[in-house]
>>> print(open('data33.pdb').read())   # PDB, N, CA and C atoms
ATOM      1  N   MET A   1       0.837  -1.190   0.000
ATOM      2  CA  MET A   1       0.000   0.000   0.000
ATOM      3  C   MET A   1       0.879   1.250   0.000
ATOM      4  N   SER A   2       0.549   2.202  -0.855
ATOM      5  CA  SER A   2       1.309   3.436  -0.964
ATOM      6  C   SER A   2       0.979   4.385   0.177
ATOM      7  N   THR A   3       1.990   5.088   0.617
ATOM      8  CA  THR A   3       1.760   6.124   1.611
ATOM      9  C   THR A   3       1.439   7.428   0.888
ATOM     10  N   ARG A   4       0.975   8.374   1.638
ATOM     11  CA  ARG A   4       0.687   9.698   1.073
ATOM     12  C   ARG A   4       1.960  10.291   0.457
ATOM     13  N   LEU A   5       3.082  10.127   1.143
ATOM     14  CA  LEU A   5       4.348  10.647   0.638
ATOM     15  C   LEU A   5       4.733   9.987  -0.687
ATOM     16  N   ASP A   6       4.529   8.689  -0.775
ATOM     17  CA  ASP A   6       4.800   7.984  -2.037
ATOM     18  C   ASP A   6       3.954   8.545  -3.177
ATOM     19  N   LYS A   7       2.682   8.768  -2.890
ATOM     20  CA  LYS A   7       1.777   9.302  -3.908
ATOM     21  C   LYS A   7       2.206  10.701  -4.346
ATOM     22  N   LEU A   8       2.568  11.522  -3.387
ATOM     23  CA  LEU A   8       3.008  12.880  -3.721
ATOM     24  C   LEU A   8       4.276  12.850  -4.570
ATOM     25  N   ASN A   9       5.197  11.959  -4.234
ATOM     26  CA  ASN A   9       6.429  11.846  -5.017
ATOM     27  C   ASN A   9       6.151  11.358  -6.432
ATOM     28  N   GLU A  10       5.165  10.489  -6.584
ATOM     29  CA  GLU A  10       4.771  10.055  -7.937
ATOM     30  C   GLU A  10       4.218  11.229  -8.737
ATOM     31  N   PHE A  11       3.379  12.034  -8.101
ATOM     32  CA  PHE A  11       2.844  13.214  -8.774
ATOM     33  C   PHE A  11       3.973  14.169  -9.161
ATOM     34  N   LEU A  12       4.961  14.295  -8.275
ATOM     35  CA  LEU A  12       6.078  15.199  -8.541
ATOM     36  C   LEU A  12       6.898  14.735  -9.741
ATOM     37  N   LYS A  13       6.987  13.430  -9.933
ATOM     38  CA  LYS A  13       7.694  12.919 -11.110
ATOM     39  C   LYS A  13       7.009  13.379 -12.395
ATOM     40  N   GLU A  14       5.688  13.466 -12.346
ATOM     41  CA  GLU A  14       4.919  13.900 -13.504
ATOM     42  C   GLU A  14       4.977  15.413 -13.708
ATOM     43  N   SER A  15       5.121  16.157 -12.612
ATOM     44  CA  SER A  15       5.150  17.631 -12.659
ATOM     45  C   SER A  15       6.274  18.130 -11.754
ATOM     46  N   PRO A  16       7.524  17.953 -12.161
ATOM     47  CA  PRO A  16       8.660  18.225 -11.273
ATOM     48  C   PRO A  16       8.842  19.685 -10.862
ATOM     49  N   GLU A  17       8.200  20.601 -11.539
ATOM     50  CA  GLU A  17       8.345  22.015 -11.193
ATOM     51  C   GLU A  17       7.170  22.565 -10.393
ATOM     52  N   ASP A  18       6.227  21.728 -10.048
ATOM     53  CA  ASP A  18       5.017  22.175  -9.356
ATOM     54  C   ASP A  18       5.323  22.560  -7.907
ATOM     55  N   PRO A  19       5.244  23.853  -7.584
ATOM     56  CA  PRO A  19       5.587  24.271  -6.219
ATOM     57  C   PRO A  19       4.615  23.741  -5.169
ATOM     58  N   PHE A  20       3.333  23.552  -5.544
ATOM     59  CA  PHE A  20       2.394  23.008  -4.572
ATOM     60  C   PHE A  20       2.795  21.596  -4.157
ATOM     61  N   LEU A  21       3.196  20.781  -5.109
ATOM     62  CA  LEU A  21       3.615  19.414  -4.773
ATOM     63  C   LEU A  21       4.864  19.424  -3.896
ATOM     64  N   LYS A  22       5.796  20.290  -4.210
ATOM     65  CA  LYS A  22       7.008  20.406  -3.390
ATOM     66  C   LYS A  22       6.642  20.829  -1.969
ATOM     67  N   TYR A  23       5.722  21.775  -1.856
ATOM     68  CA  TYR A  23       5.250  22.238  -0.560
ATOM     69  C   TYR A  23       4.554  21.099   0.199
ATOM     70  N   ALA A  24       3.694  20.381  -0.501
ATOM     71  CA  ALA A  24       2.946  19.284   0.132
ATOM     72  C   ALA A  24       3.886  18.188   0.630
ATOM     73  N   ILE A  25       4.937  17.915  -0.115
ATOM     74  CA  ILE A  25       5.915  16.903   0.309
ATOM     75  C   ILE A  25       6.655  17.378   1.552
ATOM     76  N   ALA A  26       7.070  18.634   1.570
ATOM     77  CA  ALA A  26       7.744  19.179   2.751
ATOM     78  C   ALA A  26       6.816  19.109   3.965
ATOM     79  N   ALA A  27       5.549  19.476   3.761
ATOM     80  CA  ALA A  27       4.576  19.431   4.851
ATOM     81  C   ALA A  27       4.348  18.006   5.334
ATOM     82  N   GLU A  28       4.389  17.055   4.417
ATOM     83  CA  GLU A  28       4.212  15.651   4.805
ATOM     84  C   GLU A  28       5.397  15.183   5.653
ATOM     85  N   TYR A  29       6.597  15.583   5.298
ATOM     86  CA  TYR A  29       7.762  15.246   6.134
ATOM     87  C   TYR A  29       7.611  15.857   7.520
ATOM     88  N   LEU A  30       7.104  17.067   7.568
ATOM     89  CA  LEU A  30       6.886  17.711   8.862
ATOM     90  C   LEU A  30       5.848  16.946   9.676
ATOM     91  N   LYS A  31       4.793  16.513   9.013
ATOM     92  CA  LYS A  31       3.747  15.729   9.665
ATOM     93  C   LYS A  31       4.313  14.414  10.233
ATOM     94  N   GLN A  32       5.296  13.846   9.518
ATOM     95  CA  GLN A  32       5.926  12.607   9.965
ATOM     96  C   GLN A  32       7.057  12.857  10.975
ATOM     97  N   GLU A  33       7.197  14.118  11.382
ATOM     98  CA  GLU A  33       8.189  14.543  12.366
ATOM     99  C   GLU A  33       9.627  14.391  11.883
ATOM    100  N   ASP A  34       9.815  14.422  10.575
ATOM    101  CA  ASP A  34      11.161  14.456   9.998
ATOM    102  C   ASP A  34      11.477  15.926   9.717
ATOM    103  N   GLU A  35      11.816  16.630  10.798
ATOM    104  CA  GLU A  35      11.987  18.081  10.726
ATOM    105  C   GLU A  35      13.146  18.496   9.835
ATOM    106  N   GLN A  36      14.223  17.746   9.842
ATOM    107  CA  GLN A  36      15.378  18.112   9.021
ATOM    108  C   GLN A  36      15.053  18.018   7.530
ATOM    109  N   GLU A  37      14.391  16.949   7.137
ATOM    110  CA  GLU A  37      14.015  16.804   5.718
ATOM    111  C   GLU A  37      12.995  17.868   5.331
ATOM    112  N   ALA A  38      12.044  18.128   6.210
ATOM    113  CA  ALA A  38      11.053  19.175   5.935
ATOM    114  C   ALA A  38      11.749  20.527   5.770
ATOM    115  N   MET A  39      12.684  20.831   6.655
ATOM    116  CA  MET A  39      13.399  22.098   6.580
ATOM    117  C   MET A  39      14.158  22.221   5.259
ATOM    118  N   LEU A  40      14.862  21.177   4.872
ATOM    119  CA  LEU A  40      15.611  21.215   3.613
ATOM    120  C   LEU A  40      14.681  21.446   2.425
ATOM    121  N   ARG A  41      13.548  20.802   2.443
ATOM    122  CA  ARG A  41      12.608  20.935   1.327
ATOM    123  C   ARG A  41      11.928  22.302   1.303
ATOM    124  N   PHE A  42      11.567  22.823   2.477
ATOM    125  CA  PHE A  42      11.015  24.172   2.529
ATOM    126  C   PHE A  42      12.060  25.190   2.074
ATOM    127  N   GLU A  43      13.293  25.037   2.530
ATOM    128  CA  GLU A  43      14.365  25.954   2.123
ATOM    129  C   GLU A  43      14.575  25.903   0.613
ATOM    130  N   ASN A  44      14.578  24.715   0.062
ATOM    131  CA  ASN A  44      14.738  24.571  -1.384
ATOM    132  C   ASN A  44      13.596  25.259  -2.127
ATOM    133  N   LEU A  45      12.400  25.105  -1.619
ATOM    134  CA  LEU A  45      11.238  25.717  -2.250
ATOM    135  C   LEU A  45      11.323  27.242  -2.217
ATOM    136  N   VAL A  46      11.788  27.799  -1.111
ATOM    137  CA  VAL A  46      11.960  29.249  -1.015
ATOM    138  C   VAL A  46      12.964  29.737  -2.066
ATOM    139  N   HIS A  47      14.001  28.949  -2.314
ATOM    140  CA  HIS A  47      15.018  29.348  -3.287
ATOM    141  C   HIS A  47      14.557  29.140  -4.731
ATOM    142  N   THR A  48      13.839  28.060  -4.987
ATOM    143  CA  THR A  48      13.441  27.763  -6.369
ATOM    144  C   THR A  48      12.120  28.419  -6.772
ATOM    145  N   ASN A  49      11.252  28.672  -5.805
ATOM    146  CA  ASN A  49       9.944  29.278  -6.071
ATOM    147  C   ASN A  49       9.676  30.359  -5.022
ATOM    148  N   PRO A  50      10.438  31.450  -5.057
ATOM    149  CA  PRO A  50      10.334  32.454  -3.998
ATOM    150  C   PRO A  50       8.960  33.122  -3.887
ATOM    151  N   ASP A  51       8.165  33.099  -4.932
ATOM    152  CA  ASP A  51       6.840  33.708  -4.863
ATOM    153  C   ASP A  51       5.774  32.790  -4.281
ATOM    154  N   TYR A  52       6.142  31.554  -3.952
ATOM    155  CA  TYR A  52       5.182  30.638  -3.324
ATOM    156  C   TYR A  52       5.125  31.003  -1.833
ATOM    157  N   VAL A  53       4.310  31.989  -1.550
ATOM    158  CA  VAL A  53       4.343  32.692  -0.271
ATOM    159  C   VAL A  53       3.988  31.820   0.935
ATOM    160  N   GLY A  54       3.198  30.785   0.760
ATOM    161  CA  GLY A  54       2.814  29.932   1.893
ATOM    162  C   GLY A  54       3.976  29.238   2.567
ATOM    163  N   THR A  55       5.049  29.082   1.853
ATOM    164  CA  THR A  55       6.218  28.392   2.394
ATOM    165  C   THR A  55       6.852  29.154   3.547
ATOM    166  N   TYR A  56       6.855  30.465   3.469
ATOM    167  CA  TYR A  56       7.585  31.279   4.444
ATOM    168  C   TYR A  56       7.052  31.110   5.859
ATOM    169  N   TYR A  57       5.751  31.064   6.009
ATOM    170  CA  TYR A  57       5.159  30.901   7.333
ATOM    171  C   TYR A  57       5.570  29.564   7.944
ATOM    172  N   HIS A  58       5.436  28.503   7.175
ATOM    173  CA  HIS A  58       5.727  27.172   7.714
ATOM    174  C   HIS A  58       7.218  26.967   7.960
ATOM    175  N   LEU A  59       8.052  27.504   7.100
ATOM    176  CA  LEU A  59       9.492  27.420   7.333
ATOM    177  C   LEU A  59       9.867  28.243   8.565
ATOM    178  N   GLY A  60       9.285  29.418   8.702
ATOM    179  CA  GLY A  60       9.550  30.238   9.891
ATOM    180  C   GLY A  60       9.142  29.526  11.166
ATOM    181  N   LYS A  61       7.967  28.919  11.172
ATOM    182  CA  LYS A  61       7.508  28.179  12.359
ATOM    183  C   LYS A  61       8.429  27.001  12.667
ATOM    184  N   LEU A  62       8.909  26.340  11.622
ATOM    185  CA  LEU A  62       9.832  25.229  11.831
ATOM    186  C   LEU A  62      11.141  25.739  12.426
ATOM    187  N   TYR A  63      11.647  26.852  11.909
ATOM    188  CA  TYR A  63      12.858  27.447  12.487
ATOM    189  C   TYR A  63      12.632  27.778  13.968
ATOM    190  N   GLU A  64      11.476  28.326  14.291
ATOM    191  CA  GLU A  64      11.173  28.622  15.690
ATOM    192  C   GLU A  64      11.248  27.351  16.534
ATOM    193  N   LYS A  65      10.628  26.297  16.047
ATOM    194  CA  LYS A  65      10.605  25.023  16.769
ATOM    195  C   LYS A  65      12.019  24.475  16.979
ATOM    196  N   LEU A  66      12.899  24.729  16.000
ATOM    197  CA  LEU A  66      14.280  24.252  16.071
ATOM    198  C   LEU A  66      15.206  25.259  16.762
ATOM    199  N   ASN A  67      14.607  26.269  17.407
ATOM    200  CA  ASN A  67      15.360  27.312  18.123
ATOM    201  C   ASN A  67      16.321  28.075  17.227
ATOM    202  N   LYS A  68      15.889  28.332  16.005
ATOM    203  CA  LYS A  68      16.656  29.137  15.048
ATOM    204  C   LYS A  68      15.896  30.455  14.857
ATOM    205  N   GLN A  69      15.883  31.249  15.916
ATOM    206  CA  GLN A  69      15.053  32.452  15.927
ATOM    207  C   GLN A  69      15.457  33.462  14.855
ATOM    208  N   GLU A  70      16.746  33.669  14.663
ATOM    209  CA  GLU A  70      17.183  34.638  13.649
ATOM    210  C   GLU A  70      16.754  34.202  12.252
ATOM    211  N   SER A  71      16.837  32.917  11.985
ATOM    212  CA  SER A  71      16.390  32.401  10.686
ATOM    213  C   SER A  71      14.881  32.566  10.539
ATOM    214  N   ALA A  72      14.150  32.348  11.623
ATOM    215  CA  ALA A  72      12.694  32.525  11.584
ATOM    216  C   ALA A  72      12.348  33.975  11.270
ATOM    217  N   ILE A  73      13.003  34.903  11.936
ATOM    218  CA  ILE A  73      12.741  36.326  11.725
ATOM    219  C   ILE A  73      13.043  36.703  10.277
ATOM    220  N   ALA A  74      14.189  36.279   9.783
ATOM    221  CA  ALA A  74      14.566  36.590   8.399
ATOM    222  C   ALA A  74      13.568  35.985   7.410
ATOM    223  N   THR A  75      13.109  34.795   7.700
ATOM    224  CA  THR A  75      12.144  34.125   6.825
ATOM    225  C   THR A  75      10.812  34.854   6.820
ATOM    226  N   TYR A  76      10.329  35.234   7.995
ATOM    227  CA  TYR A  76       9.077  35.984   8.059
ATOM    228  C   TYR A  76       9.200  37.306   7.303
ATOM    229  N   ARG A  77      10.303  37.989   7.470
ATOM    230  CA  ARG A  77      10.489  39.273   6.782
ATOM    231  C   ARG A  77      10.529  39.085   5.265
ATOM    232  N   SER A  78      11.206  38.048   4.806
ATOM    233  CA  SER A  78      11.223  37.760   3.369
ATOM    234  C   SER A  78       9.821  37.446   2.868
ATOM    235  N   GLY A  79       9.099  36.656   3.631
ATOM    236  CA  GLY A  79       7.728  36.314   3.263
ATOM    237  C   GLY A  79       6.821  37.532   3.220
ATOM    238  N   ILE A  80       7.010  38.447   4.157
ATOM    239  CA  ILE A  80       6.225  39.682   4.176
ATOM    240  C   ILE A  80       6.477  40.477   2.898
ATOM    241  N   GLU A  81       7.723  40.560   2.500
ATOM    242  CA  GLU A  81       8.067  41.274   1.270
ATOM    243  C   GLU A  81       7.380  40.635   0.050
ATOM    244  N   ILE A  82       7.432  39.308  -0.020
ATOM    245  CA  ILE A  82       6.798  38.601  -1.139
ATOM    246  C   ILE A  82       5.280  38.758  -1.089
ATOM    247  N   ALA A  83       4.703  38.648   0.095
ATOM    248  CA  ALA A  83       3.249  38.792   0.228
ATOM    249  C   ALA A  83       2.793  40.178  -0.213
ATOM    250  N   ARG A  84       3.569  41.187   0.129
ATOM    251  CA  ARG A  84       3.236  42.545  -0.323
ATOM    252  C   ARG A  84       3.329  42.634  -1.844
ATOM    253  N   LYS A  85       4.419  42.084  -2.376
ATOM    254  CA  LYS A  85       4.640  42.134  -3.821
ATOM    255  C   LYS A  85       3.516  41.439  -4.585
ATOM    256  N   THR A  86       3.075  40.302  -4.067
ATOM    257  CA  THR A  86       2.035  39.522  -4.749
ATOM    258  C   THR A  86       0.621  39.908  -4.293
ATOM    259  N   ARG A  87       0.542  40.861  -3.364
ATOM    260  CA  ARG A  87      -0.738  41.357  -2.834
ATOM    261  C   ARG A  87      -1.556  40.235  -2.191
ATOM    262  N   ASN A  88      -0.863  39.338  -1.506
ATOM    263  CA  ASN A  88      -1.515  38.242  -0.797
ATOM    264  C   ASN A  88      -1.702  38.696   0.652
ATOM    265  N   PHE A  89      -2.802  39.373   0.908
ATOM    266  CA  PHE A  89      -3.006  40.009   2.202
ATOM    267  C   PHE A  89      -3.287  39.014   3.323
ATOM    268  N   HIS A  90      -3.838  37.885   2.999
ATOM    269  CA  HIS A  90      -4.044  36.847   4.023
ATOM    270  C   HIS A  90      -2.690  36.354   4.541
ATOM    271  N   ALA A  91      -1.814  35.988   3.620
ATOM    272  CA  ALA A  91      -0.472  35.534   4.018
ATOM    273  C   ALA A  91       0.280  36.649   4.719
ATOM    274  N   LEU A  92       0.121  37.871   4.250
ATOM    275  CA  LEU A  92       0.781  39.016   4.862
ATOM    276  C   LEU A  92       0.401  39.126   6.331
ATOM    277  N   GLY A  93      -0.879  39.006   6.622
ATOM    278  CA  GLY A  93      -1.337  39.082   8.008
ATOM    279  C   GLY A  93      -0.774  37.965   8.874
ATOM    280  N   GLU A  94      -0.749  36.757   8.346
ATOM    281  CA  GLU A  94      -0.200  35.629   9.103
ATOM    282  C   GLU A  94       1.291  35.821   9.388
ATOM    283  N   LEU A  95       2.014  36.260   8.374
ATOM    284  CA  LEU A  95       3.458  36.465   8.537
ATOM    285  C   LEU A  95       3.747  37.601   9.512
ATOM    286  N   GLN A  96       2.979  38.677   9.428
ATOM    287  CA  GLN A  96       3.163  39.780  10.363
ATOM    288  C   GLN A  96       2.868  39.349  11.792
ATOM    289  N   GLY A  97       1.830  38.554  11.953
ATOM    290  CA  GLY A  97       1.497  38.056  13.288
ATOM    291  C   GLY A  97       2.596  37.179  13.855
ATOM    292  N   ALA A  98       3.123  36.289  13.027
ATOM    293  CA  ALA A  98       4.207  35.407  13.480
ATOM    294  C   ALA A  98       5.446  36.219  13.839
ATOM    295  N   LEU A  99       5.757  37.205  13.019
ATOM    296  CA  LEU A  99       6.925  38.047  13.289
ATOM    297  C   LEU A  99       6.750  38.837  14.575
ATOM    298  N   SER A 100       5.547  39.319  14.811
ATOM    299  CA  SER A 100       5.311  40.139  16.004
ATOM    300  C   SER A 100       5.541  39.366  17.298
ATOM    301  N   PHE A 101       5.394  38.049  17.261
ATOM    302  CA  PHE A 101       5.667  37.246  18.453
ATOM    303  C   PHE A 101       7.155  37.155  18.758
ATOM    304  N   LEU A 102       7.977  37.355  17.743
ATOM    305  CA  LEU A 102       9.425  37.229  17.922
ATOM    306  C   LEU A 102      10.148  38.554  18.080
ATOM    307  N   THR A 103       9.526  39.628  17.602
ATOM    308  CA  THR A 103      10.189  40.927  17.629
ATOM    309  C   THR A 103       9.209  42.006  18.083
ATOM    310  N   ASP A 104       9.734  43.179  18.247
ATOM    311  CA  ASP A 104       8.881  44.330  18.528
ATOM    312  C   ASP A 104       8.636  45.147  17.277
ATOM    313  N   ASP A 105       9.068  44.614  16.122
ATOM    314  CA  ASP A 105       8.909  45.339  14.861
ATOM    315  C   ASP A 105       7.441  45.489  14.519
ATOM    316  N   ASP A 106       7.097  46.647  14.033
ATOM    317  CA  ASP A 106       5.738  46.886  13.550
ATOM    318  C   ASP A 106       5.774  46.834  12.039
ATOM    319  N   GLU A 107       5.394  45.682  11.492
ATOM    320  CA  GLU A 107       5.459  45.449  10.049
ATOM    321  C   GLU A 107       4.077  45.449   9.417
ATOM    322  N   ASP A 108       3.114  46.191  10.017
ATOM    323  CA  ASP A 108       1.758  46.039   9.519
ATOM    324  C   ASP A 108       1.309  47.129   8.557
ATOM    325  N   ASP A 109       2.209  47.911   8.024
ATOM    326  CA  ASP A 109       1.788  48.865   7.012
ATOM    327  C   ASP A 109       1.740  48.179   5.644
ATOM    328  N   PHE A 110       0.637  48.347   4.970
ATOM    329  CA  PHE A 110       0.431  47.694   3.677
ATOM    330  C   PHE A 110       1.033  48.577   2.638
TER     331      PHE A 110
END
>>> encode(input="data33.pdb", output="structure tokens")
Amino acid sequence: MSTRLDKLNEFLKESPEDPFLKYAIAAEYLKQEDEQEAMLRFENLVHTNPDYVGTYYHLGKLYEKLNKQESAIATYRSGIEIARKTRNFHALGELQGALSFLTDDDEDDF
């Protein structure tokens, strides 16, 4: 019987550039508590598909969990910039909220 991860990897073979599939695979590794693999895949996605704004929140939260606060802050700030650029106000709000828990920065001007 195939696992969800196996199925996602099969889909990725058919569409190797699909950022959603890459994101879903990283999230599946996170769900399986393979934090290092999830981190590597989220980081790769940020580099290869920087406009896929949903990645920044989850990578930032993972950095927080791994006690990499500076990386989390930098990731949230990068995500905020992308969310503004792409006018994704939902993601912008989530990223600003996450950042506000780590810093005193007021990043809520649209």
>>> atom_distance(input="data33.pdb", atom1="atom C of Tyr63 of chain A", atom2="atom CA of Tyr23 of chain A")
17.2 Å
>>> closest_residue(input="data33.pdb", among="A:Glu10, A:Glu94, A:Glu81, A:Asp18", to="Tyr57 of chain A", atoms="all atoms listed in the file")
A:Glu94
>>> select_by_dssp(input="data33.pdb", residues="chain A", states="alpha helix (DSSP H)", output="PyMOL selection string")
chain A and resi 4-14+19-31+35-48+54-65+69-86+89-102
>>> resolve_selection(input="data33.pdb", expression="the PyMOL selection byres (((chain A and resi 43 and name CA) around 12) and name CA)", output="PyMOL selection string")
chain A and resi 22-23+26+35-42+44-50+52+55-60+62-63+71-72+75
>>> resolve_selection(input="data33.pdb", expression="the PyMOL selection byres (((chain A and resi 4 and name CA) around 12) and name CA)", output="PyMOL selection string")
chain A and resi 1-3+5-11+21+24-29+31-32
>>> atom_distance(input="data33.pdb", atom1="atom CA of Asp34 of chain A", atom2="atom CA of Lys61 of chain A")
14.4 Å
>>> atom_distance(input="data33.pdb", atom1="atom CA of Ser78 of chain A", atom2="atom CA of Gly93 of chain A")
13.5 Å
>>> closest_residue(input="data33.pdb", among="A:Glu70, A:Glu14, A:Leu102, A:Asp51", to="Asn88 of chain A", atoms="only C-alpha atoms")
A:Asp51
>>> closest_residue(input="data33.pdb", among="A:Leu95, A:Leu30, A:Gly54, A:Pro19", to="Tyr76 of chain A", atoms="only C-alpha atoms")
A:Leu95
